[in-house]
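Undergrad: Input: one structure, supplied below.
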Protein chains: 2
Amino acid sequence: MTADTPSQSETLNGQAAAFAGRRGRIALAHGGGGQLTDQLLQHHILPKLNNTVLGDLLDAGIVGRNPGRVALTIDSYVVQPLFFPGGDIGRLAVTGTVNDLAVAGALPTGLALGLILEEGLETVVLDSVVSSISTAAEEAGVSVITGDTKVVGRGQADGMYVITAGIGRIPPGIQLHPARLEPGDLLILTGAIAEHGLAVMLTRDMPEVKSQLRSDAAPLNIMLADILRHVPEIRFMRDPTRGGLAGLLTDLARQSGRRIVIEEALIPIKPEAQHAAAMLGLDPLDIANEGKAVIVVPADKSEYVLDLLRGNPNGLDACVFGHVAGDNDGLAEMWTHIGGRRLLQKPYGEQLPRIC
Amino acid sequence: MTADTPSQSETLNGQAAAFAGRRGRIALAHGGGGQLTDQLLQHHILPKLNNTVLGDLLDAGIVGRNPGRVALTIDSYVVQPLFFPGGDIGRLAVTGTVNDLAVAGALPTGLALGLILEEGLETVVLDSVVSSISTAAEEAGVSVITGDTKVVGRGQADGMYVITAGIGRIPPGIQLHPARLEPGDLLILTGAIAEHGLAVMLTRDMPEVKSQLRSDAAPLNIMLADILRHVPEIRFMRDPTRGGLAGLLTDLARQSGRRIVIEEALIPIKPEAQHAAAMLGLDPLDIANEGKAVIVVPADKSEYVLDLLRGNPNGLDACVFGHVAGDNDGLAEMWTHIGGRRLLQKPYGEQLPRIC
């Protein structure tokens, strides 16, 4: 062993210091699920990893062929605070992953749990989160079948981060994809919007304010699987999490190449959510939901799907809120309360850090 | 909205402060992959999530039945520094997950990539890690099919954490489990030990020392699949990562209920690794490997397996280094260089933080 010139690893480790200010840096807004997240993916991640499955940018990747198709999904949860009205980071991690599988048309068959714990975290906090994970998994009818636990130094994981991956089996005949949208299809929302993101942000940014608002985090897999079994003609499903309804609809319009039209007056939202959004200066369309799905159906199936949804505790407020129009311009448009029309934009990203 | 008594979420968020010093806390050593990690799992994680698959505590969970068995695995990578001789956090994340699938007998079919990035991270660092992920995935013949990116505040992810999950298909007829060990079986090691952990620790703790030592991080899936295809009688395989060879062997002895005997003189280790371990005051048996596997085979198949391994760049130094003895006491024993016998112990955990 001799002392000589810096090794390649030292050079790389030193780059952050050496080139400070001269190169691009990650900003919190890159994680907001908005336009900046898209830019990060398009410029720094997708080009090197590109393949047709990942390029679809759906919530789950699908491998294999009928009848053995398997969906895989992963999500890291970095929400602050760890506990909020209606849930905690553990419940969120399970429902988020289960819902990503469910909207891909998959029946969840197993979860993988990664924990990154911070030195000094009280085990009572860990216990509480693991209990929530257990309860939510039971609610969804799925088990944690493998896991991994790491510990990092004080301050380096803001308490804890939870990562869940999940796999699911896709029944034969199910084919959900933006490319399947047709003019005249209707858009269904399974319930009222914006409650998860607002509950977290109120707890974090205005702890002095008391509100009835609770996170809507809930597993949707049993409800959505039932509907898909009855109506295999469903075109596409997705859950409006990070990026909110605006993010989902602008993505869907772009990916399908269709014009998507929604009507503001038809979007279910509770008065307390509207109030909280106004107080925080946020557009409810931009805010994350963790127990809602958007379902695109052929018009002649919409009443049947609504009936089925409304028979489920997580679908009581289901309603049609938009349609696929004939223009093939890849834009999402909202007809507003006051009779105007505006194009939806994906949130930029800076307003909503760390809500999931 | 009214101001009233603290909500349940506030109470839980306040627990860390309120009960400081009076309750259990997570220590860095809980993440070392040793006895303390076991205690954390046994007391705080497994009881609430228990099911037979997770309870096996193998590197991957398996769902489904023949011929459609699917293995799922997850690992979080928090290694410091991000770049080290022979690899970086990206290469490590791919090879670790691919190898967890490979030792479960699975053919990897897809990877999921979670990134937790710290605000202020230079994009040039991210680009370099994503390139490594791409290169390692190509080497393993597998694609990243889904992913998720989050951003946390400055200092809260020590640069970046990488989480990889993977799925794989288990061919019919493959049945790898500690319960299949029989007295007389031989233990094969695919190459020299301790290089990954030592390369990382030298870079981190003794940056002034120059060494030829490099991480052995390498995907083993193609080599191991080939061997399993030729020798389906293989009993069990596992990669000695966190916890090292000592951790693997004590786990295997306990899980199989058999006595495992290894011979110190037969364990391949390079002089520079021996030197570095001595300098750092560590036992090479405790140190993580990221490109090695232990394979348990019926004695009459061992020469064939060795021949096959040695035809592969990752198996050139493969050798028999131990056997399964007749005592059914669940202990792992080493016959030492000087003719003694000592029971192996799983490392406690405090010596080796953040090496993967």
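Identifiers for the structure tokens are assigned positionally: chains receive A, B, ... in sequence, residues are indexed from 1 per chain, and ligands are indexed from 1 in the order shown.
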For range 195-197 of chain A, work out the shell of residues within 12 Å, counting only C-alpha atoms and skipping chain neighbours fewer than 5 positions away, then give it as a compact mmCIF listing (two decimals) with all heavy atoms, in the first residue's frame.
TA:
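Heads up, here's the output in selection-v9.txt:
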```
# COMPACT_ATOMS: atom_id res chain seq x y z
N GLY A 32 -41.39 16.84 -6.23
CA GLY A 32 -42.79 17.19 -6.00
C GLY A 32 -43.79 16.46 -6.88
O GLY A 32 -44.99 16.61 -6.72
N VAL A 79 -42.53 11.07 3.85
CA VAL A 79 -43.49 12.06 4.35
C VAL A 79 -43.05 12.62 5.70
O VAL A 79 -42.49 11.92 6.55
CB VAL A 79 -44.90 11.42 4.44
CG1 VAL A 79 -44.95 10.31 5.47
CG2 VAL A 79 -45.97 12.46 4.74
N GLN A 80 -43.31 13.91 5.89
CA GLN A 80 -43.11 14.57 7.17
C GLN A 80 -44.36 15.37 7.50
O GLN A 80 -44.83 16.11 6.65
CB GLN A 80 -41.90 15.51 7.12
CG GLN A 80 -40.60 14.83 7.47
CD GLN A 80 -40.56 14.27 8.88
OE1 GLN A 80 -41.17 14.84 9.77
NE2 GLN A 80 -39.85 13.17 9.05
N PRO A 81 -44.92 15.24 8.70
CA PRO A 81 -44.47 14.36 9.79
C PRO A 81 -44.82 12.89 9.53
O PRO A 81 -45.61 12.59 8.64
CB PRO A 81 -45.27 14.89 10.98
CG PRO A 81 -46.53 15.45 10.38
CD PRO A 81 -46.13 16.00 9.05
N PHE A 84 -49.93 11.63 10.89
CA PHE A 84 -50.81 12.74 10.50
C PHE A 84 -52.25 12.23 10.63
O PHE A 84 -52.48 11.02 10.69
CB PHE A 84 -50.49 13.19 9.07
CG PHE A 84 -50.27 12.05 8.11
CD1 PHE A 84 -51.36 11.39 7.53
CD2 PHE A 84 -48.99 11.61 7.81
CE1 PHE A 84 -51.17 10.32 6.67
CE2 PHE A 84 -48.79 10.53 6.95
CZ PHE A 84 -49.88 9.88 6.38
N PRO A 85 -53.21 13.12 10.65
CA PRO A 85 -54.59 12.67 10.83
C PRO A 85 -54.98 11.70 9.71
O PRO A 85 -54.81 12.00 8.54
CB PRO A 85 -55.40 13.97 10.73
CG PRO A 85 -54.44 15.05 11.10
CD PRO A 85 -53.11 14.59 10.60
N GLY A 86 -55.49 10.53 10.11
CA GLY A 86 -55.93 9.55 9.11
C GLY A 86 -54.89 8.54 8.71
O GLY A 86 -55.17 7.63 7.94
N GLY A 87 -53.67 8.68 9.24
CA GLY A 87 -52.67 7.70 8.84
C GLY A 87 -51.28 8.02 9.33
O GLY A 87 -51.08 8.90 10.16
N ASP A 88 -50.33 7.29 8.81
CA ASP A 88 -48.92 7.54 9.10
C ASP A 88 -48.11 6.97 7.94
O ASP A 88 -48.68 6.43 6.98
CB ASP A 88 -48.51 6.91 10.45
CG ASP A 88 -48.64 5.40 10.47
OD1 ASP A 88 -48.65 4.77 9.40
OD2 ASP A 88 -48.76 4.84 11.57
N ILE A 89 -46.80 7.11 8.03
CA ILE A 89 -45.93 6.71 6.92
C ILE A 89 -46.09 5.22 6.59
O ILE A 89 -45.93 4.81 5.44
CB ILE A 89 -44.45 7.08 7.24
CG1 ILE A 89 -43.57 6.94 5.99
CG2 ILE A 89 -43.90 6.26 8.39
CD1 ILE A 89 -42.16 7.52 6.15
N ARG A 91 -48.96 3.23 6.97
CA ARG A 91 -50.20 3.01 6.23
C ARG A 91 -50.06 3.51 4.78
O ARG A 91 -50.47 2.86 3.83
CB ARG A 91 -51.36 3.74 6.93
CG ARG A 91 -52.70 3.57 6.20
CD ARG A 91 -53.87 4.15 6.99
NE ARG A 91 -55.11 3.98 6.25
CZ ARG A 91 -55.82 2.86 6.20
NH1 ARG A 91 -55.41 1.80 6.87
NH2 ARG A 91 -56.92 2.78 5.47
N LEU A 92 -49.46 4.68 4.67
CA LEU A 92 -49.24 5.29 3.36
C LEU A 92 -48.42 4.38 2.45
O LEU A 92 -48.73 4.21 1.26
CB LEU A 92 -48.48 6.60 3.59
CG LEU A 92 -48.38 7.58 2.46
CD1 LEU A 92 -49.77 8.00 2.00
CD2 LEU A 92 -47.58 8.79 2.91
N GLY A 96 -50.15 2.99 -0.84
CA GLY A 96 -49.60 3.52 -2.09
C GLY A 96 -49.16 2.42 -3.03
O GLY A 96 -49.45 2.45 -4.24
N LEU A 202 -51.37 20.59 6.52
CA LEU A 202 -51.91 21.32 7.69
C LEU A 202 -51.15 20.91 8.95
O LEU A 202 -50.77 21.76 9.76
CB LEU A 202 -53.39 21.01 7.87
CG LEU A 202 -54.41 21.85 7.11
CD1 LEU A 202 -55.81 21.49 7.58
CD2 LEU A 202 -54.16 23.35 7.28
N THR A 203 -50.95 19.61 9.12
CA THR A 203 -50.24 19.12 10.30
C THR A 203 -48.83 19.69 10.37
O THR A 203 -48.34 20.07 11.43
CB THR A 203 -50.16 17.58 10.29
OG1 THR A 203 -51.48 17.07 10.08
CG2 THR A 203 -49.60 17.03 11.58
N ARG A 204 -48.20 19.77 9.23
CA ARG A 204 -46.80 20.20 9.19
C ARG A 204 -46.67 21.72 9.26
O ARG A 204 -45.87 22.24 10.03
CB ARG A 204 -46.15 19.69 7.90
CG ARG A 204 -44.68 19.98 7.80
CD ARG A 204 -44.09 19.25 6.62
NE ARG A 204 -44.57 19.80 5.35
CZ ARG A 204 -44.51 19.15 4.18
NH1 ARG A 204 -44.02 17.93 4.13
NH2 ARG A 204 -44.93 19.72 3.08
N ASP A 205 -47.45 22.42 8.46
CA ASP A 205 -47.21 23.86 8.31
C ASP A 205 -48.09 24.72 9.21
O ASP A 205 -47.77 25.87 9.47
CB ASP A 205 -47.43 24.27 6.85
CG ASP A 205 -46.46 23.55 5.91
OD1 ASP A 205 -45.42 23.08 6.40
OD2 ASP A 205 -46.76 23.46 4.70
N SER A 211 -58.51 20.78 12.27
CA SER A 211 -59.40 20.56 11.14
C SER A 211 -59.96 19.15 11.21
O SER A 211 -59.37 18.26 11.82
CB SER A 211 -58.62 20.77 9.84
OG SER A 211 -59.31 20.21 8.76
N GLN A 212 -61.10 18.95 10.60
CA GLN A 212 -61.68 17.61 10.49
C GLN A 212 -61.02 16.80 9.39
O GLN A 212 -61.31 15.62 9.22
CB GLN A 212 -63.19 17.72 10.18
CG GLN A 212 -64.00 18.37 11.27
CD GLN A 212 -63.82 17.66 12.60
OE1 GLN A 212 -63.94 16.44 12.67
NE2 GLN A 212 -63.49 18.40 13.63
N LEU A 213 -60.16 17.45 8.63
CA LEU A 213 -59.56 16.84 7.46
C LEU A 213 -58.64 15.68 7.84
O LEU A 213 -57.80 15.82 8.71
CB LEU A 213 -58.75 17.91 6.74
CG LEU A 213 -58.63 17.82 5.23
CD1 LEU A 213 -59.98 17.84 4.56
CD2 LEU A 213 -57.80 19.01 4.76
N ARG A 214 -58.82 14.54 7.16
CA ARG A 214 -57.98 13.39 7.41
C ARG A 214 -57.45 12.86 6.08
O ARG A 214 -58.11 12.97 5.05
CB ARG A 214 -58.79 12.27 8.08
CG ARG A 214 -59.30 12.62 9.46
CD ARG A 214 -60.39 11.65 9.90
NE ARG A 214 -59.93 10.29 9.98
CZ ARG A 214 -59.25 9.77 11.01
NH1 ARG A 214 -58.97 10.55 12.05
NH2 ARG A 214 -58.87 8.52 11.01
N SER A 215 -56.27 12.27 6.13
CA SER A 215 -55.76 11.61 4.93
C SER A 215 -56.75 10.55 4.47
O SER A 215 -57.35 9.86 5.29
CB SER A 215 -54.42 10.95 5.22
OG SER A 215 -54.08 10.06 4.17
N ASP A 216 -56.91 10.42 3.16
CA ASP A 216 -57.82 9.39 2.62
C ASP A 216 -57.11 8.07 2.37
O ASP A 216 -57.70 7.17 1.75
CB ASP A 216 -58.47 9.89 1.33
CG ASP A 216 -57.45 10.18 0.22
OD1 ASP A 216 -56.25 10.31 0.53
OD2 ASP A 216 -57.86 10.26 -0.95
N ALA A 217 -55.85 7.92 2.84
CA ALA A 217 -55.06 6.72 2.51
C ALA A 217 -55.86 5.44 2.76
O ALA A 217 -56.27 5.17 3.89
CB ALA A 217 -53.77 6.71 3.33
N ALA A 218 -56.08 4.68 1.72
CA ALA A 218 -56.84 3.43 1.82
C ALA A 218 -56.47 2.52 0.66
O ALA A 218 -56.23 3.00 -0.45
CB ALA A 218 -58.34 3.73 1.77
N PRO A 240 -54.53 9.40 -8.42
CA PRO A 240 -53.95 10.75 -8.44
C PRO A 240 -53.18 11.06 -7.16
O PRO A 240 -53.67 11.77 -6.29
CB PRO A 240 -55.18 11.66 -8.60
CG PRO A 240 -56.32 10.89 -8.03
CD PRO A 240 -55.99 9.44 -8.16
N THR A 241 -51.97 10.52 -7.05
CA THR A 241 -51.14 10.76 -5.86
C THR A 241 -50.33 12.03 -6.08
O THR A 241 -50.90 13.08 -6.37
CB THR A 241 -50.26 9.52 -5.57
OG1 THR A 241 -49.52 9.19 -6.74
CG2 THR A 241 -51.14 8.32 -5.22
N ARG A 242 -49.00 11.94 -5.92
CA ARG A 242 -48.14 13.10 -6.12
C ARG A 242 -48.44 13.74 -7.48
O ARG A 242 -48.49 13.03 -8.47
CB ARG A 242 -46.68 12.61 -6.10
CG ARG A 242 -45.74 13.50 -5.40
CD ARG A 242 -44.35 12.92 -5.24
NE ARG A 242 -43.97 11.82 -6.14
CZ ARG A 242 -42.71 11.51 -6.46
NH1 ARG A 242 -41.72 12.21 -5.97
NH2 ARG A 242 -42.41 10.48 -7.24
N GLY A 243 -48.61 15.05 -7.51
CA GLY A 243 -48.99 15.69 -8.78
C GLY A 243 -50.49 15.90 -8.89
O GLY A 243 -50.95 16.67 -9.73
N GLY A 244 -51.25 15.20 -8.05
CA GLY A 244 -52.69 15.40 -7.96
C GLY A 244 -53.44 15.06 -9.24
O GLY A 244 -52.91 14.41 -10.15
N LEU A 245 -54.70 15.51 -9.26
CA LEU A 245 -55.55 15.25 -10.41
C LEU A 245 -54.99 15.96 -11.65
O LEU A 245 -55.02 15.42 -12.77
CB LEU A 245 -56.96 15.76 -10.09
CG LEU A 245 -58.14 15.14 -10.83
CD1 LEU A 245 -58.14 13.63 -10.71
CD2 LEU A 245 -59.44 15.72 -10.28
N PRO A 268 -65.82 16.02 -7.00
CA PRO A 268 -66.21 16.01 -5.59
C PRO A 268 -65.08 16.52 -4.70
O PRO A 268 -63.93 16.09 -4.83
CB PRO A 268 -66.51 14.54 -5.31
CG PRO A 268 -65.85 13.76 -6.39
CD PRO A 268 -65.61 14.67 -7.55
N ILE A 269 -65.40 17.47 -3.83
CA ILE A 269 -64.43 17.96 -2.85
C ILE A 269 -65.20 18.44 -1.63
O ILE A 269 -66.23 19.10 -1.74
CB ILE A 269 -63.54 19.09 -3.44
CG1 ILE A 269 -62.55 19.60 -2.38
CG2 ILE A 269 -64.36 20.21 -4.04
CD1 ILE A 269 -61.43 20.45 -2.94
N LYS A 270 -64.69 18.05 -0.44
CA LYS A 270 -65.39 18.42 0.78
C LYS A 270 -65.13 19.89 1.11
O LYS A 270 -64.03 20.40 0.82
CB LYS A 270 -64.91 17.56 1.94
CG LYS A 270 -65.34 16.11 1.82
CD LYS A 270 -64.96 15.32 3.05
CE LYS A 270 -65.21 13.83 2.83
NZ LYS A 270 -64.26 12.99 3.58
N PRO A 271 -66.09 20.56 1.77
CA PRO A 271 -65.88 21.98 2.11
C PRO A 271 -64.61 22.18 2.94
O PRO A 271 -63.88 23.15 2.71
CB PRO A 271 -67.13 22.34 2.93
CG PRO A 271 -68.14 21.29 2.61
CD PRO A 271 -67.41 20.07 2.18
N GLU A 272 -64.31 21.26 3.87
CA GLU A 272 -63.12 21.47 4.70
C GLU A 272 -61.84 21.38 3.86
O GLU A 272 -60.84 22.02 4.18
CB GLU A 272 -63.07 20.53 5.90
CG GLU A 272 -63.18 19.06 5.61
CD GLU A 272 -64.59 18.52 5.75
OE1 GLU A 272 -65.54 19.23 5.34
OE2 GLU A 272 -64.75 17.39 6.25
N ALA A 273 -61.86 20.58 2.80
CA ALA A 273 -60.69 20.50 1.92
C ALA A 273 -60.56 21.79 1.12
O ALA A 273 -59.45 22.33 0.97
CB ALA A 273 -60.80 19.30 1.00
N GLN A 274 -61.69 22.29 0.64
CA GLN A 274 -61.67 23.53 -0.11
C GLN A 274 -61.14 24.68 0.77
O GLN A 274 -60.29 25.46 0.34
CB GLN A 274 -63.09 23.86 -0.58
CG GLN A 274 -63.14 24.49 -1.94
CD GLN A 274 -64.29 23.96 -2.78
OE1 GLN A 274 -65.26 23.42 -2.24
NE2 GLN A 274 -64.19 24.10 -4.09
N HIS A 275 -61.61 24.71 2.00
CA HIS A 275 -61.20 25.71 2.97
C HIS A 275 -59.69 25.62 3.22
O HIS A 275 -58.96 26.62 3.18
CB HIS A 275 -62.00 25.48 4.26
CG HIS A 275 -61.73 26.49 5.32
ND1 HIS A 275 -62.44 26.53 6.51
CD2 HIS A 275 -60.83 27.49 5.41
CE1 HIS A 275 -61.97 27.50 7.26
NE2 HIS A 275 -61.00 28.10 6.61
N ALA A 276 -59.20 24.40 3.48
CA ALA A 276 -57.78 24.22 3.80
C ALA A 276 -56.91 24.59 2.60
O ALA A 276 -55.86 25.22 2.76
CB ALA A 276 -57.52 22.78 4.22
N ALA A 277 -57.34 24.22 1.40
CA ALA A 277 -56.55 24.54 0.20
C ALA A 277 -56.45 26.06 0.04
O ALA A 277 -55.37 26.59 -0.25
CB ALA A 277 -57.18 23.91 -1.03
N LEU A 280 -54.00 27.44 2.51
CA LEU A 280 -52.61 27.14 2.17
C LEU A 280 -52.22 27.71 0.81
O LEU A 280 -51.06 27.60 0.38
CB LEU A 280 -52.38 25.63 2.17
CG LEU A 280 -52.39 24.95 3.55
CD1 LEU A 280 -52.73 23.47 3.43
CD2 LEU A 280 -51.04 25.12 4.25
N LEU A 282 -53.27 26.75 -2.20
CA LEU A 282 -53.00 25.67 -3.15
C LEU A 282 -54.23 25.35 -3.98
O LEU A 282 -55.37 25.51 -3.52
CB LEU A 282 -52.57 24.41 -2.40
CG LEU A 282 -51.25 24.52 -1.64
CD1 LEU A 282 -51.08 23.31 -0.73
CD2 LEU A 282 -50.08 24.64 -2.59
N ASP A 283 -54.01 24.87 -5.19
CA ASP A 283 -55.09 24.41 -6.05
C ASP A 283 -55.39 22.95 -5.70
O ASP A 283 -54.49 22.11 -5.79
CB ASP A 283 -54.64 24.53 -7.51
CG ASP A 283 -55.75 24.17 -8.49
OD1 ASP A 283 -56.68 23.42 -8.11
OD2 ASP A 283 -55.68 24.61 -9.65
N PRO A 284 -56.64 22.63 -5.32
CA PRO A 284 -56.95 21.25 -4.92
C PRO A 284 -56.61 20.23 -6.01
O PRO A 284 -56.34 19.07 -5.71
CB PRO A 284 -58.46 21.28 -4.68
CG PRO A 284 -58.79 22.71 -4.40
CD PRO A 284 -57.80 23.53 -5.17
N LEU A 285 -56.59 20.68 -7.27
CA LEU A 285 -56.27 19.75 -8.36
C LEU A 285 -54.81 19.30 -8.33
O LEU A 285 -54.45 18.31 -8.94
CB LEU A 285 -56.55 20.39 -9.72
CG LEU A 285 -57.99 20.72 -10.08
CD1 LEU A 285 -58.06 21.17 -11.53
CD2 LEU A 285 -58.90 19.52 -9.86
N ASP A 286 -53.97 20.07 -7.64
CA ASP A 286 -52.54 19.75 -7.60
C ASP A 286 -52.18 18.83 -6.44
O ASP A 286 -51.03 18.41 -6.31
CB ASP A 286 -51.71 21.04 -7.43
CG ASP A 286 -51.77 21.94 -8.65
OD1 ASP A 286 -52.30 21.50 -9.69
OD2 ASP A 286 -51.27 23.09 -8.55
N ILE A 287 -53.15 18.56 -5.56
CA ILE A 287 -52.82 17.96 -4.28
C ILE A 287 -53.00 16.44 -4.28
O ILE A 287 -53.96 15.91 -4.85
CB ILE A 287 -53.67 18.62 -3.17
CG1 ILE A 287 -53.29 20.11 -3.10
CG2 ILE A 287 -53.46 17.95 -1.83
CD1 ILE A 287 -54.17 20.93 -2.22
N ALA A 288 -52.08 15.76 -3.60
CA ALA A 288 -52.04 14.29 -3.61
C ALA A 288 -53.23 13.66 -2.89
O ALA A 288 -53.66 14.13 -1.83
CB ALA A 288 -50.75 13.80 -2.97
N ASN A 289 -53.72 12.57 -3.47
CA ASN A 289 -54.74 11.71 -2.87
C ASN A 289 -54.10 10.34 -2.68
O ASN A 289 -53.24 9.95 -3.46
CB ASN A 289 -55.92 11.57 -3.82
CG ASN A 289 -56.38 12.92 -4.32
OD1 ASN A 289 -57.18 13.58 -3.70
ND2 ASN A 289 -55.82 13.35 -5.47
N GLU A 290 -54.52 9.60 -1.67
CA GLU A 290 -53.93 8.27 -1.46
C GLU A 290 -54.98 7.18 -1.32
O GLU A 290 -54.67 6.07 -0.88
CB GLU A 290 -52.99 8.29 -0.26
CG GLU A 290 -51.76 9.19 -0.43
CD GLU A 290 -50.72 8.62 -1.42
OE1 GLU A 290 -50.81 7.43 -1.78
OE2 GLU A 290 -49.83 9.38 -1.83
N GLY A 291 -56.22 7.50 -1.69
CA GLY A 291 -57.26 6.47 -1.63
C GLY A 291 -58.32 6.70 -2.70
O GLY A 291 -59.49 6.39 -2.51
N LYS A 292 -57.88 7.28 -3.82
CA LYS A 292 -58.80 7.60 -4.91
C LYS A 292 -58.22 7.10 -6.21
O LYS A 292 -57.00 6.97 -6.35
CB LYS A 292 -59.01 9.12 -5.00
CG LYS A 292 -59.60 9.74 -3.74
CD LYS A 292 -60.99 9.26 -3.45
CE LYS A 292 -61.55 9.49 -2.07
NZ LYS A 292 -60.79 10.15 -1.07
N GLN A 351 -44.31 23.49 -4.57
CA GLN A 351 -45.24 23.76 -3.48
C GLN A 351 -45.44 22.61 -2.52
O GLN A 351 -45.88 22.81 -1.39
CB GLN A 351 -46.61 24.12 -4.06
CG GLN A 351 -46.61 25.38 -4.89
CD GLN A 351 -47.96 25.58 -5.55
OE1 GLN A 351 -48.49 24.67 -6.18
NE2 GLN A 351 -48.51 26.76 -5.38
N LEU A 352 -45.16 21.40 -2.96
CA LEU A 352 -45.66 20.25 -2.21
C LEU A 352 -44.59 19.22 -1.89
O LEU A 352 -44.70 18.06 -2.27
CB LEU A 352 -46.79 19.59 -3.02
CG LEU A 352 -47.92 20.53 -3.42
CD1 LEU A 352 -48.67 19.99 -4.61
CD2 LEU A 352 -48.84 20.71 -2.24
N PRO A 353 -43.54 19.61 -1.17
CA PRO A 353 -42.52 18.62 -0.86
C PRO A 353 -42.96 17.68 0.27
O PRO A 353 -43.78 18.05 1.11
CB PRO A 353 -41.33 19.47 -0.40
CG PRO A 353 -41.94 20.71 0.13
CD PRO A 353 -43.21 20.93 -0.63
N ARG A 354 -42.43 16.48 0.24
CA ARG A 354 -42.52 15.54 1.36
C ARG A 354 -43.95 15.25 1.82
O ARG A 354 -44.20 15.18 3.02
CB ARG A 354 -41.72 16.07 2.57
CG ARG A 354 -40.29 16.50 2.25
CD ARG A 354 -39.40 15.32 2.09
NE ARG A 354 -39.33 14.52 3.27
CZ ARG A 354 -38.51 14.75 4.29
NH1 ARG A 354 -37.71 15.78 4.28
NH2 ARG A 354 -38.48 13.93 5.31
N ILE A 355 -44.88 15.08 0.89
CA ILE A 355 -46.24 14.74 1.33
C ILE A 355 -46.51 13.25 1.15
O ILE A 355 -47.59 12.78 1.49
CB ILE A 355 -47.32 15.57 0.63
CG1 ILE A 355 -47.02 15.71 -0.86
CG2 ILE A 355 -47.45 16.96 1.21
CD1 ILE A 355 -47.85 14.88 -1.72
N CYS A 356 -45.56 12.52 0.61
CA CYS A 356 -45.72 11.06 0.56
C CYS A 356 -44.35 10.39 0.60
O CYS A 356 -43.37 11.04 0.91
CB CYS A 356 -46.53 10.62 -0.65
SG CYS A 356 -45.78 10.98 -2.22
```
Undergrad: Just the residues within 12 Å of Ser134 in chain B, please, counting only C-alpha atoms, with nothing from its chain fewer than 6 positions along; format it as a list in words.
TA: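 Here the answer would be Ile45, Leu46, Pro47, Lys48, Leu49, Asn50 and Asn51 of chain A; Gly90, Arg91, Leu92, Ala93, Val94, Thr95, Leu111, Leu113, Asp127, Ser128, Ala140, Gly141, Val142, Ser143, Val144 and Ile145 of chain B.
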Undergrad: Find the residues near Thr164 in chain A: any atom within 9 Å, counting only C-alpha atoms, skip ones fewer than 3 places away on the same chain, and give them as a PyMOL selection string.
TA: (chain A and resi 73-77+93-94+96-97+111-115+147) or (chain B and resi 74+165)
Undergrad: Just write the chosen residues, N, CA and C atoms, as a compact mmCIF listing (two decimals), in the first residue's frame.
TA:
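What landed in selection_33.txt:
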```txt
# COMPACT_ATOMS: atom_id res chain seq x y z
N THR A 73 -43.91 -2.86 -8.69
CA THR A 73 -43.90 -1.43 -8.43
C THR A 73 -43.06 -1.13 -7.20
N ILE A 74 -42.56 0.10 -7.10
CA ILE A 74 -41.78 0.51 -5.92
C ILE A 74 -42.10 1.97 -5.61
N ASP A 75 -42.12 2.31 -4.35
CA ASP A 75 -42.27 3.70 -3.93
C ASP A 75 -41.51 3.92 -2.63
N SER A 76 -40.81 5.04 -2.57
CA SER A 76 -40.16 5.45 -1.32
C SER A 76 -41.05 6.47 -0.64
N TYR A 77 -41.20 6.35 0.66
CA TYR A 77 -42.02 7.28 1.42
C TYR A 77 -41.14 8.08 2.36
N ALA A 93 -47.36 3.79 3.00
CA ALA A 93 -46.45 2.97 2.20
C ALA A 93 -47.18 1.74 1.66
N VAL A 94 -48.03 1.14 2.48
CA VAL A 94 -48.76 -0.04 2.03
C VAL A 94 -49.83 0.34 1.01
N GLY A 96 -50.15 2.99 -0.84
CA GLY A 96 -49.60 3.52 -2.09
C GLY A 96 -49.16 2.42 -3.03
N THR A 97 -48.47 1.43 -2.48
CA THR A 97 -47.96 0.35 -3.32
C THR A 97 -49.08 -0.57 -3.79
N LEU A 111 -45.72 -8.09 -0.75
CA LEU A 111 -45.05 -6.80 -0.56
C LEU A 111 -43.64 -7.02 -0.04
N ALA A 112 -42.74 -6.14 -0.42
CA ALA A 112 -41.39 -6.11 0.13
C ALA A 112 -41.24 -4.79 0.87
N LEU A 113 -40.65 -4.85 2.06
CA LEU A 113 -40.58 -3.68 2.93
C LEU A 113 -39.14 -3.29 3.21
N GLY A 114 -38.75 -2.10 2.80
CA GLY A 114 -37.42 -1.58 3.14
C GLY A 114 -37.56 -0.47 4.18
N LEU A 115 -36.78 -0.55 5.24
CA LEU A 115 -36.80 0.50 6.26
C LEU A 115 -35.42 1.14 6.32
N GLY A 147 -37.99 -8.33 3.30
CA GLY A 147 -37.70 -6.98 3.76
C GLY A 147 -36.23 -6.77 3.99
N ILE B 74 -35.98 -7.04 -1.84
CA ILE B 74 -35.75 -5.58 -1.75
C ILE B 74 -34.52 -5.33 -0.90
N ALA B 165 -35.63 -3.19 -5.79
CA ALA B 165 -36.39 -4.42 -5.61
C ALA B 165 -36.27 -5.18 -6.91
```
Undergrad: What's around Gly326 in chain B at 8 Å? Count only C-alpha atoms, leave out sequence neighbours fewer than 6 positions away in its own chain, and write the answer as a ChimeraX atom specification.
TA: /B:183-184,258-259
Undergrad: What gap, in Å, lies between CA of Val162 in chain A and CA of Met201 in chain B?
TA: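 Distance reported for this atom pair: 26.3 Å.
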Undergrad: Find the residue from A:Val305, A:Ala325, A:Met206, A:Ala102 that sits nearest to chain B; use only C-alpha atoms when measuring.
TA: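 Between A:Val305, A:Ala325, A:Met206, A:Ala102, the residue approaching chain B most closely is A:Met206.
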